[in-house]
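To start, the structure itself, in structure tokens.
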Protein chains: 4
Amino acid sequence: MKAVVYQDPFTVTVEDVPDPTIERPTDVIVEITSSAICGSDLHMYEGRTAAERGIVFGHENLGIVSEVGGAVASIKTGDRVVMPFNVACGFCRNCLAGYTGFCLTVNPGFAGGAYGYVAMGPYRGGQAEYLRVPYADFNCLKLPEGTEHETDFIMLADIFPTGYHGCELAAVSPGETVAVYGAGPVGLMSAYSALLRGASRVFVVDRVPERLTKAEEIGAVPINFEDGNPAEQIKQQAGGEGTDKGIDAVGYQAHAQKGGGEAPAIVLNSLIDTVRATGMLGVPGLYVPADPGAPSEDAKRGMLLVSIGKFFEKGLRMGVGQCNVKLYNRQLRDLIIAGRAAPSFVVSHELPLEQAPNAYEKFDKRIEGYTKVVLHP
Amino acid sequence: MKAVVYQDPFTVTVEDVPDPTIERPTDVIVEITSSAICGSDLHMYEGRTAAERGIVFGHENLGIVSEVGGAVASIKTGDRVVMPFNVACGFCRNCLAGYTGFCLTVNPGFAGGAYGYVAMGPYRGGQAEYLRVPYADFNCLKLPEGTEHETDFIMLADIFPTGYHGCELAAVSPGETVAVYGAGPVGLMSAYSALLRGASRVFVVDRVPERLTKAEEIGAVPINFEDGNPAEQIKQQAGGEGTDKGIDAVGYQAHAQKGGGEAPAIVLNSLIDTVRATGMLGVPGLYVPADPGAPSEDAKRGMLLVSIGKFFEKGLRMGVGQCNVKLYNRQLRDLIIAGRAAPSFVVSHELPLEQAPNAYEKFDKRIEGYTKVVLHP
Amino acid sequence: MKAVVYQDPFTVTVEDVPDPTIERPTDVIVEITSSAICGSDLHMYEGRTAAERGIVFGHENLGIVSEVGGAVASIKTGDRVVMPFNVACGFCRNCLAGYTGFCLTVNPGFAGGAYGYVAMGPYRGGQAEYLRVPYADFNCLKLPEGTEHETDFIMLADIFPTGYHGCELAAVSPGETVAVYGAGPVGLMSAYSALLRGASRVFVVDRVPERLTKAEEIGAVPINFEDGNPAEQIKQQAGGEGTDKGIDAVGYQAHAQKGGGEAPAIVLNSLIDTVRATGMLGVPGLYVPADPGAPSEDAKRGMLLVSIGKFFEKGLRMGVGQCNVKLYNRQLRDLIIAGRAAPSFVVSHELPLEQAPNAYEKFDKRIEGYTKVVLHP
Amino acid sequence: MKAVVYQDPFTVTVEDVPDPTIERPTDVIVEITSSAICGSDLHMYEGRTAAERGIVFGHENLGIVSEVGGAVASIKTGDRVVMPFNVACGFCRNCLAGYTGFCLTVNPGFAGGAYGYVAMGPYRGGQAEYLRVPYADFNCLKLPEGTEHETDFIMLADIFPTGYHGCELAAVSPGETVAVYGAGPVGLMSAYSALLRGASRVFVVDRVPERLTKAEEIGAVPINFEDGNPAEQIKQQAGGEGTDKGIDAVGYQAHAQKGGGEAPAIVLNSLIDTVRATGMLGVPGLYVPADPGAPSEDAKRGMLLVSIGKFFEKGLRMGVGQCNVKLYNRQLRDLIIAGRAAPSFVVSHELPLEQAPNAYEKFDKRIEGYTKVVLHP
């Protein structure tokens with residue numbers, strides 16, 4: 001079958017690889033109809049990880065079940081399904097507690113597995129014609145038959161739940177004010193989710209005008225951090241006080257103002273400043289324990305200079321980490337089916353699988369409006 | 001009346017000051033029967049704060065109501081009461097949400113007030129014969145008449161709820177394993193509270209043998225951090241995994257091993273290492289945004305080097321800050337009355353008010369077993 | 001001043017009564033600009049309670065502070081404020097826990113007080129020119145200056161929070177399906193709140209076409225119970241399953257189908273049938289321990305025949321009771337200010353105080369579209 | 001193999017039945033070392049259910065894995081395991097939400113399955129030499145090797161989690177007062193769990209002196225309901241107020257005072273009276289939608305006369321239903337291993353499988369101290 005294969009930094013190709021097969025009786029094979037490119041794929045693409053040549057990318061996957069293992073009970077051939085980017089077993093203590101992003105079974109020696117991602121276990125990605133899905137009863141979410149909402153539903157694999165996870169970590173509740181740092185796909189999904197949950201006002205911080213326009217279109221207040229300290233801008237608009245809650249949808253590759261270069265802790269520290277005493281921070285934005293490209297020796301080890309004194313004085317709380325997609329994907333699916341959510345507004349391009357190399361290049365350069373690409377094999 | 005008055009670094013005196021009076025109709029005056037010395041009093045005593053000469057110390061106060069303002073509804077002369085160290089109004093948005101440690105009314109310009117503490121508002125301390133209590137209906141917790149449980153009840157003003165707050169921030173629940181860093185009074189109260197809440201195993205980290213013995217006596221597992229990396233010691237005893245939850249009852253004045261001097265972030269980073277993926281950290285231990293005595297320029301501004309990469313990878317959550325005593329003091333009082341809790345086991349000395357100067361000196365030097373002193377004016 | 005005074009069953013008059021005065025230093029006097037008539041006022045109006053001649057009605061009150069007691073700290077003359085219908089002290093154990101509808105102070109011998117309501121304490125109602133508000137720091141919610149959103153804000157005194165309370169008791173969360181029984185003002189507010197909180201589909205059951213049309217206009221699915229068993233109708237539309245959650249906004253004066261008369265437990269039992277196993281029921285609709293007009297001896301004592309066997313088999317949970325308005329009114333106010341909520345869509349009439357007798361009569365008869373009347377003294 | 005087989009009302013036999021086999025690759029076979037007799041087995045034994053001749057009893061099962069299906073990942077031959085009485089799949093929406101007692105997969109057409117119980121699916125019971133366990137990765141809880149704590153661990157299959165479930169439904173938290181109705185094994189486990197969770201005072205209501213003595217031995221306050229209205233007795237001891245929380249560990253086969261016969265709603269109504277306004281009720285005690293032996297036509301259909309008016313006036317909440325054992329069994333196991341819980345104090349007899357007929361007879365008659373029997377095949 002055809003698949004998107006990593007070769008070298010800044011090079012992926014579409015080439016033939018062996019078809020996946022049922023390896024364990026709890027597996028199914030899915031014929032992929034949509035697989036999205038994620039910002040986190042670019043970490044591998046840029047060569048900033050230990051990813052080796054030959055890895056098949058793709059952890060946001062949707063398709064039709066084409067083959068079913070002998071122990072699978074609830075999924076059958078022909079079912080239309082979307083999979084969380086996390087691979088999870090469903091029975092370890094972390095899965096039982098809902099922390100499917102930290103499964104102790106599927107990636108021995110590490111808490112958590114995923115498709116098509118370096119160090120996340122032996123699971124090939126879905127930017128390909130077919131995908132093997134382990135523990136299929138647990139990992140497949142059924143969708144209505146047909147092709148409706150295809151680009152909405154593919155958002156359920158990662159970024160809609162991940163944005164929502166930011167709200168959940170920050171316990172965003174009706175009537176609250178929220179500051180979201182980052183207006184990329186995840187940041188927009190966080191803002192969108194905050195409004196779905198009944199937030200009264202949502203501020204979205206970025207510096208790319210097109211992204212800020214998108215934020216405004218969904219009902220958020222855009223804050224351009226090149227126009228001045230974003231925490232101060234938000235406080236001015238929020239009556240002097242900070243917001244009730246804050247979400248970091250940027251992570252460690254944050255940039256300082258005015259071409260100041262990467263500043264890995266700048267968003268965390270801005271959030272500590274932005275949120276009012278007793279508030280909560282949700283951090284779906286990625287931080288890593290080892291980053292060879294970081295601007296300092298400490299940052300290379302994931303050690304960041306954080307304003308702990310102020311964090312304590314304000315009595316804040318912070319939740320971080322990879323999304324447990326399964327905690328939210330069914331409910332978010334139901335919002336899409338009911339016509340109450342349409343997360344595909346972040347999709348910029350839908351392309352055939354063959355155009356993946358070109359799409360990666362343009363997305364990586366953030367040119368021609370490439371912000372969220374869905375591949376249709 | 002007699003009161004303990006701060007003079008200069010390392011000097012307090014007992015001297016005459018004017019009696020407090022009803023200033024607002026919501027005040028009461030309490031004749032103090034017990035007022036404890038807190039580790040945080042030593043920050044002022046040692047001159048590491050902006051505290052000025054003349055301040056009356058004492059934020060852990062218990063006594064008998066001697067005078068009642070005209071708007072007070074539920075408290076009357078003769079009532080035996082204990083007060084949270086926080087002064088709070090009861091009607092601002094933070095108090096309404098239970099965050100009485102971050103009251104927006106009583107200390108304008110800052111979230112939170114307290115008795116007898118620098119920068120916490122104009123409230124004289126209770127290491128004195130009498131104390132003015134503002135918003136008395138809200139701030140007084142009634143106790144059974146008489147003198148029973150006096151040293152248990154005085155623990156309700158601060159350290160029992162503060163230790164419990166660590167468990168609440170970490171959401172310690174039945175059957176869980178917990179690591180508590182610090183076996184001073186607050187750490188012991190955290191460990192004690194974790195056991196009260198049904199934790200299965202509690203590890204307590206310190207290096208002072210007497211403190212570790214106390215921890216063992218209440219049913220915790222002592223871990224001496226001079227014997228080796230405490231996170232590794234705990235993991236060995238917990239079957240290779242880290243604990244479910246962790247509590248930092250040390251704060252910024254943490255010490256490295258083997259006389260390594262102050263290392264303000266060492267406990268936070270050890271906790272991130274100690275707690276297993278998906279866990280939670282509760283941090284009642286104090287961190288400050290300005291510490292002139294800190295070992296680095298960054299630390300002087302409350303900026304600490306924290307292992308954010310690992311924190312994220314493990315998907316942890318962290319809650320910090322001063323205790324909202326009122327959230328817990330009634331329930332903890334009821335446990336004392338029912339004979340189910342007896343926190344006075346941490347009290348080392350009960351002394352008359354006149355001996356306060358001597359007690360401060362010995363407590364500050366940690367000599368002669370001075371760990372928790374209760375003054376009886 | 002002028003006030004709406006109860007005389008006899010089906011008779012209220014507007015007459016002169018003494019102006020209210022500051023009775024305790026924690027009081028304020030509010031010059032009423034809006035006071036709404038509530039469905040629960042009709043219980044008294046119809047003579048189905050122990051209300052005696054002379055009571056001034058009105059527990060949904062908004063106005064401008066005209067006089068301030070000496071112990072009030074945060075409210076000043078000229079402030080525009082809305083009051084919860086509950087009178088509460090702010091410092092009893094129930095108020096501290098957020099249960100301001102069950103205050104132990106303001107109505108000795110009973111848990112809970114209110115303005116202008118029989119057996120709810122000595123608090124005159126606000127269908128009058130002025131209102132005394134006890135514990136004003138606690139009971140007044142400040143509004144923006146001016147007259148904007150007047151009919152939205154008056155909904156904050158009772159029915160918007162009460163409808164929302166139904167969602168809170170049932171823990172309505174994003175993506176869930178909800179069945180609301182009753183499309184009167186509270187039922188509509190429950191449905192509106194469920195959608196604000198992110199419900200995917202909300203079904204509203206009633207038999208009055210105009211009410212069902214209102215429900216549809218806000219995005220709910222109308223279910224006319226005269227067209228067949230409402231539980232079955234909902235299950236058919238919800239794919240065979242029941243809803244995740246259910247709200248009873250009807251209470252004990254429920255009616256059976258086809259003129260079957262009052263059937264006090266019919267809504268509770270229908271909800272048990274409507275909600276799927278593991279679901280939750282929120283019951284803001286009123287049930288009473290004594291109802292002289294009930295259709296059976298048991299019902300007269302508040303004893304109803306409930307399908308407990310099925311309730312248990314399905315593993316349901318149920319929360320009931322009067323709304324604790326203060327838990328929600330600030331957040332809901334902020335949604336109104338931000339333009340995200342406009343609950344005044346339920347208001348049918350705005351009238352001067354003098355027209356109260358006429359308004360009560362027509363509202364009681366449910367004629368001429370009288371569903372929610374706001375009086376402007 | 002040998003198994004306990006139901007014949008007719010009041011008759012079980014131990015006879016040979018075919019050995020169980022691996023039917024699906026997700027199954028394991030367990031060689032039973034302990035299987036307890038549950039009070040709910042007596043419903044079938046007495047002929048008050050639709051149970052037919054030939055059913056093998058036993059839903060509280062512990063043993064050693066003897067055979068493993070090809071799709072099982074985490075369980076291997078020789079593992080010592082205990083199973084929840086609920087059979088559950090681990091991937092339906094109810095299991096995902098933690099409601100494993102309401103699994104939608106294992107017993108088609110009904111929410112929930114169990115071993116050896118009428119209408120709970122085709123799962124043979126474990127009062128036998130071997131047991132087939134479906135979805136073994138999900139349903140087996142591993143225990144330490146050996147034979148230690150055997151009678152403590154067998155309590156994890158049902159009654160310890162079920163008693164704990166009562167506390168969870170009532171959200172029992174530290175410092176609270178709790179009333180438990182029923183001092184049978186489940187009631188004692190509820191009281192024991194409440195104390196483990198930090199309750200300050202626990203009252204246990206029954207009329208059997210031996211049971212009340214057991215309650216007292218674990219630290220609860222015994223209340224004999226033959227000595228007077230239990231709600232009044234409790235209020236007197238609790239300072240006039242009711243308790244914060246209440247647990248019904250009796251269910252529909254409740255008895256009125258003084259030989260008054262079965263009164264199916266008496267415990268529910270007593271609890272509504274016992275618990276103070278704003279409290280919560282947890283109901284693990286069984287209520288059924290069809291009871292041919294009930295004392296009235298309504299009760300035969302599971303319709304009970306409940307004091308809804310008072311329930312509403314007090315603003316109570318109630319949670320009911322079969323325990324989701326998997327939510328708690330790991331944590332409770334860890335308390336046993338740590339020596340912090342020893343639920344086997346309720347066990348009255350340990351017997352070989354052959355003595356099951358005799359044990360059923362005596363347990364059913366409640367003679368010779370038969371309260372909780374563990375069979376060792």
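Naming works like this for the structure tokens: A, B, ... for the chains as they're shown, residue 1 at the start of each chain, ligands 1 onward in shown order.
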
Let's see if you can do this: from backbone DSSP, list all helix (DSSP H, G or I) residues in region 35-71 of chain D, as a list in words.
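Going through region 35-71 of chain D, the helix (DSSP H, G or I) residues come out as Gly39, Ser40, Asp41, Leu42, His43, Met44 and Tyr45 of chain D.
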
Output the selection as a PDB file, in the first residue's frame - N, CA, C and O atoms for each residue.
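The result, stored in result-v4.pdb:
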ATOM      1  N   GLY D  39     -25.745 -12.506  50.671  1.00  0.00           N
ATOM      2  CA  GLY D  39     -27.150 -12.361  51.038  1.00  0.00           C
ATOM      3  C   GLY D  39     -28.050 -12.383  49.818  1.00  0.00           C
ATOM      4  O   GLY D  39     -29.183 -12.876  49.879  1.00  0.00           O
ATOM      5  N   SER D  40     -27.562 -11.868  48.698  1.00  0.00           N
ATOM      6  CA  SER D  40     -28.421 -11.844  47.511  1.00  0.00           C
ATOM      7  C   SER D  40     -28.583 -13.234  46.908  1.00  0.00           C
ATOM      8  O   SER D  40     -29.530 -13.477  46.161  1.00  0.00           O
ATOM      9  N   ASP D  41     -27.679 -14.173  47.219  1.00  0.00           N
ATOM     10  CA  ASP D  41     -27.913 -15.563  46.801  1.00  0.00           C
ATOM     11  C   ASP D  41     -29.179 -16.113  47.451  1.00  0.00           C
ATOM     12  O   ASP D  41     -29.845 -16.992  46.896  1.00  0.00           O
ATOM     13  N   LEU D  42     -29.485 -15.618  48.627  1.00  0.00           N
ATOM     14  CA  LEU D  42     -30.661 -16.131  49.337  1.00  0.00           C
ATOM     15  C   LEU D  42     -31.966 -15.772  48.639  1.00  0.00           C
ATOM     16  O   LEU D  42     -32.962 -16.491  48.774  1.00  0.00           O
ATOM     17  N   HIS D  43     -31.994 -14.656  47.924  1.00  0.00           N
ATOM     18  CA  HIS D  43     -33.208 -14.336  47.160  1.00  0.00           C
ATOM     19  C   HIS D  43     -33.546 -15.486  46.218  1.00  0.00           C
ATOM     20  O   HIS D  43     -34.700 -15.885  46.100  1.00  0.00           O
ATOM     21  N   MET D  44     -32.508 -15.989  45.532  1.00  0.00           N
ATOM     22  CA  MET D  44     -32.746 -17.118  44.627  1.00  0.00           C
ATOM     23  C   MET D  44     -33.070 -18.373  45.429  1.00  0.00           C
ATOM     24  O   MET D  44     -34.004 -19.119  45.108  1.00  0.00           O
ATOM     25  N   TYR D  45     -32.290 -18.610  46.474  1.00  0.00           N
ATOM     26  CA  TYR D  45     -32.451 -19.802  47.307  1.00  0.00           C
ATOM     27  C   TYR D  45     -33.870 -19.929  47.844  1.00  0.00           C
ATOM     28  O   TYR D  45     -34.447 -21.011  47.893  1.00  0.00           O
TER      29      TYR D  45
END

Per residue of chain B within 8 Å of chain A, record the nearest atom pair and its distance in Å to one decimal, counting only C-alpha atoms, with rows in chain order and ascending residue number, as CSV.
residue,atom,partner,partner_atom,distance
B:Asn94,CA,A:Thr278,CA,7.6
B:Tyr99,CA,A:Thr278,CA,7.1
B:Phe102,CA,A:Ala277,CA,7.1
B:Ala111,CA,A:Ala277,CA,6.9
B:Ala277,CA,A:Ala111,CA,6.9
B:Thr278,CA,A:Tyr99,CA,7.1
B:Leu286,CA,A:Phe312,CA,7.3
B:Tyr287,CA,A:Gly309,CA,4.9
B:Val288,CA,A:Gly309,CA,4.1
B:Pro289,CA,A:Gly309,CA,3.9
B:Ala290,CA,A:Gly309,CA,7.2
B:Arg301,CA,A:Gly309,CA,7.5
B:Gly302,CA,A:Gly309,CA,4.3
B:Met303,CA,A:Ser307,CA,4.5
B:Leu304,CA,A:Leu305,CA,5.2
B:Leu305,CA,A:Leu305,CA,4.4
B:Val306,CA,A:Met303,CA,5.2
B:Ser307,CA,A:Met303,CA,4.5
B:Ile308,CA,A:Met303,CA,5.9
B:Gly309,CA,A:Pro289,CA,3.9
B:Lys310,CA,A:Pro289,CA,5.0
B:Phe311,CA,A:Val320,CA,7.6
B:Phe312,CA,A:Gly321,CA,4.8
B:Glu313,CA,A:Gly321,CA,6.2
B:Lys314,CA,A:Gly321,CA,6.9
B:Gly315,CA,A:Gly321,CA,4.1
B:Leu316,CA,A:Val320,CA,6.0
B:Arg317,CA,A:Gly319,CA,4.2
B:Met318,CA,A:Met318,CA,5.3
B:Gly319,CA,A:Arg317,CA,4.2
B:Val320,CA,A:Gly315,CA,5.3
B:Gly321,CA,A:Gly315,CA,4.1
B:Gln322,CA,A:Gly315,CA,6.6

Near-region 153-165 of chain B list (8 Å; only C-alpha atoms; drop same-chain fewer than 5 positions) as a PDB file with C-alpha atoms, in the first residue's frame:
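The file below, around.pdb, is the result:
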ATOM      1  CA  SER B  34      -3.404  29.905  73.324  1.00  0.00           C
ATOM      2  CA  SER B  35      -1.325  31.388  70.523  1.00  0.00           C
ATOM      3  CA  ALA B  36       1.228  29.266  68.719  1.00  0.00           C
ATOM      4  CA  HIS B  59      -1.534  34.241  63.600  1.00  0.00           C
ATOM      5  CA  GLU B  60      -2.517  31.000  65.342  1.00  0.00           C
ATOM      6  CA  ASN B  61      -5.018  32.130  67.926  1.00  0.00           C
ATOM      7  CA  LEU B  62      -7.597  30.658  70.275  1.00  0.00           C
ATOM      8  CA  VAL B  82     -10.348  29.554  67.293  1.00  0.00           C
ATOM      9  CA  MET B  83      -9.577  31.734  64.308  1.00  0.00           C
ATOM     10  CA  PRO B  84      -8.068  30.811  60.935  1.00  0.00           C
ATOM     11  CA  PHE B  85      -4.762  32.570  60.407  1.00  0.00           C
ATOM     12  CA  PRO B 185       4.897  20.381  61.844  1.00  0.00           C
ATOM     13  CA  VAL B 186       3.168  20.972  58.478  1.00  0.00           C
ATOM     14  CA  GLY B 187       4.687  17.886  56.868  1.00  0.00           C
ATOM     15  CA  LEU B 188       3.629  15.753  59.801  1.00  0.00           C
ATOM     16  CA  MET B 189       0.137  17.196  59.586  1.00  0.00           C
ATOM     17  CA  SER B 190       0.068  16.362  55.858  1.00  0.00           C
ATOM     18  CA  ALA B 191       1.096  12.784  56.521  1.00  0.00           C
ATOM     19  CA  SER B 193      -4.145  13.925  57.174  1.00  0.00           C
ATOM     20  CA  ALA B 194      -3.289  11.561  54.332  1.00  0.00           C
ATOM     21  CA  ALA B 249       5.722  20.718  52.949  1.00  0.00           C
ATOM     22  CA  GLY B 282       0.015  19.534  46.551  1.00  0.00           C
ATOM     23  CA  PRO B 284       1.481  23.983  50.967  1.00  0.00           C
ATOM     24  CA  GLN B 322      -1.656  29.330  51.268  1.00  0.00           C
ATOM     25  CA  CYS B 323      -4.329  27.302  52.979  1.00  0.00           C
ATOM     26  CA  ASN B 324      -7.950  28.428  53.011  1.00  0.00           C
ATOM     27  CA  VAL B 325      -8.357  27.382  56.637  1.00  0.00           C
ATOM     28  CA  TYR B 328     -11.467  22.543  56.589  1.00  0.00           C
ATOM     29  CA  ASN B 329     -11.398  23.795  60.171  1.00  0.00           C
ATOM     30  CA  LEU B 332     -11.153  18.835  61.527  1.00  0.00           C
ATOM     31  CA  ARG B 333     -12.532  20.221  64.781  1.00  0.00           C
ATOM     32  CA  ILE B 336     -10.851  16.154  67.361  1.00  0.00           C
ATOM     33  CA  PRO B 343      -2.865  16.818  66.165  1.00  0.00           C
ATOM     34  CA  SER B 344      -1.239  18.127  69.329  1.00  0.00           C
TER      35      SER B 344
END

How many Å lie between CA of Ala50 (chain B) and CA of Thr11 (chain B), rounded to one decimal?
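Result for CA of Ala50 (chain B) versus CA of Thr11 (chain B): 14.9 Å, one decimal.
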
Test item: residues at most 9 Å from region 231-246 of chain D, only C-alpha atoms, excluding those fewer than 4 positions along its chain, as a compact mmCIF listing (two decimals) with N, CA, C and O atoms, in the first residue's frame:
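around30.txt, freshly written:
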# COMPACT_ATOMS: atom_id res chain seq x y z
N GLY D 166 -21.61 2.69 48.99
CA GLY D 166 -22.57 3.50 49.72
C GLY D 166 -21.94 4.83 50.15
O GLY D 166 -22.56 5.89 50.04
N CYS D 167 -20.71 4.77 50.61
CA CYS D 167 -20.00 6.00 51.02
C CYS D 167 -19.73 6.90 49.82
O CYS D 167 -19.78 8.13 49.92
N ALA D 170 -22.83 8.64 48.70
CA ALA D 170 -23.17 9.70 49.65
C ALA D 170 -22.02 10.69 49.81
O ALA D 170 -22.12 11.63 50.59
N ALA D 171 -20.95 10.48 49.06
CA ALA D 171 -19.79 11.39 49.11
C ALA D 171 -19.31 11.64 50.54
O ALA D 171 -19.08 12.78 50.95
N VAL D 172 -19.20 10.57 51.31
CA VAL D 172 -18.73 10.69 52.70
C VAL D 172 -17.31 11.26 52.71
O VAL D 172 -16.42 10.74 52.04
N GLU D 176 -17.19 14.20 58.62
CA GLU D 176 -18.65 14.14 58.56
C GLU D 176 -19.24 13.08 59.50
O GLU D 176 -18.57 12.13 59.89
N THR D 177 -20.53 13.26 59.78
CA THR D 177 -21.29 12.25 60.50
C THR D 177 -22.12 11.46 59.50
O THR D 177 -22.61 12.01 58.52
N VAL D 178 -22.26 10.17 59.78
CA VAL D 178 -22.92 9.27 58.83
C VAL D 178 -23.85 8.33 59.59
O VAL D 178 -23.47 7.81 60.64
N ALA D 179 -25.03 8.12 59.04
CA ALA D 179 -25.95 7.10 59.57
C ALA D 179 -26.00 5.95 58.57
O ALA D 179 -26.26 6.17 57.40
N VAL D 180 -25.74 4.74 59.05
CA VAL D 180 -25.84 3.55 58.21
C VAL D 180 -26.99 2.71 58.72
O VAL D 180 -27.00 2.32 59.90
N TYR D 181 -27.95 2.44 57.87
CA TYR D 181 -29.03 1.53 58.24
C TYR D 181 -28.67 0.14 57.78
O TYR D 181 -28.42 -0.09 56.60
N ARG D 201 -18.13 10.61 63.06
CA ARG D 201 -18.99 9.71 63.83
C ARG D 201 -19.89 8.94 62.88
O ARG D 201 -20.48 9.52 61.97
N VAL D 202 -20.00 7.64 63.14
CA VAL D 202 -20.83 6.77 62.30
C VAL D 202 -21.83 6.06 63.20
O VAL D 202 -21.44 5.41 64.19
N PHE D 203 -23.10 6.21 62.89
CA PHE D 203 -24.16 5.52 63.62
C PHE D 203 -24.64 4.34 62.78
O PHE D 203 -24.83 4.49 61.58
N ILE D 223 -27.19 1.72 67.16
CA ILE D 223 -28.55 2.24 67.42
C ILE D 223 -29.52 1.09 67.18
O ILE D 223 -29.65 0.60 66.06
N ASN D 224 -30.19 0.67 68.24
CA ASN D 224 -31.15 -0.43 68.12
C ASN D 224 -32.53 0.16 67.83
O ASN D 224 -33.10 0.86 68.65
N PHE D 225 -33.06 -0.14 66.64
CA PHE D 225 -34.31 0.52 66.26
C PHE D 225 -35.51 -0.03 67.02
O PHE D 225 -36.60 0.56 66.95
N ASP D 227 -35.48 0.10 70.12
CA ASP D 227 -35.48 0.97 71.31
C ASP D 227 -36.16 2.31 71.07
O ASP D 227 -36.17 3.18 71.95
N SER D 270 -36.88 6.67 56.71
CA SER D 270 -36.15 6.98 57.94
C SER D 270 -34.89 7.78 57.62
O SER D 270 -34.52 8.71 58.34
N LEU D 271 -34.23 7.42 56.54
CA LEU D 271 -33.01 8.14 56.17
C LEU D 271 -33.32 9.60 55.83
O LEU D 271 -32.57 10.51 56.20
N ILE D 272 -34.42 9.81 55.11
CA ILE D 272 -34.80 11.19 54.77
C ILE D 272 -35.01 11.99 56.05
O ILE D 272 -34.70 13.17 56.12
N ASP D 273 -35.49 11.31 57.07
CA ASP D 273 -35.70 11.96 58.35
C ASP D 273 -34.38 12.14 59.11
O ASP D 273 -34.18 13.13 59.82
N THR D 274 -33.47 11.21 58.95
CA THR D 274 -32.24 11.19 59.74
C THR D 274 -31.19 12.20 59.27
O THR D 274 -30.41 12.73 60.06
N VAL D 275 -31.15 12.42 57.96
CA VAL D 275 -30.08 13.24 57.39
C VAL D 275 -30.50 14.70 57.40
O VAL D 275 -31.65 15.03 57.14
N ARG D 276 -29.55 15.58 57.71
CA ARG D 276 -29.91 17.00 57.81
C ARG D 276 -30.05 17.63 56.43
O ARG D 276 -29.55 17.10 55.43
N ALA D 277 -30.71 18.78 56.37
CA ALA D 277 -30.91 19.48 55.11
C ALA D 277 -29.56 19.67 54.42
O ALA D 277 -28.56 20.00 55.06
N THR D 278 -29.56 19.48 53.10
CA THR D 278 -28.38 19.56 52.22
C THR D 278 -27.56 18.27 52.19
O THR D 278 -26.54 18.22 51.49
N GLY D 279 -28.01 17.25 52.89
CA GLY D 279 -27.23 16.01 52.96
C GLY D 279 -27.38 15.11 51.74
O GLY D 279 -28.04 15.45 50.76
N MET D 280 -26.73 13.96 51.82
CA MET D 280 -26.76 13.01 50.72
C MET D 280 -27.02 11.60 51.22
O MET D 280 -26.53 11.22 52.28
N LEU D 281 -27.74 10.83 50.41
CA LEU D 281 -28.02 9.44 50.72
C LEU D 281 -27.35 8.52 49.71
O LEU D 281 -27.46 8.75 48.50
N GLY D 282 -26.71 7.49 50.20
CA GLY D 282 -26.16 6.45 49.32
C GLY D 282 -26.92 5.17 49.59
O GLY D 282 -27.08 4.78 50.75
N VAL D 283 -27.38 4.52 48.52
CA VAL D 283 -28.25 3.36 48.68
C VAL D 283 -27.69 2.15 47.94
O VAL D 283 -28.04 1.88 46.80
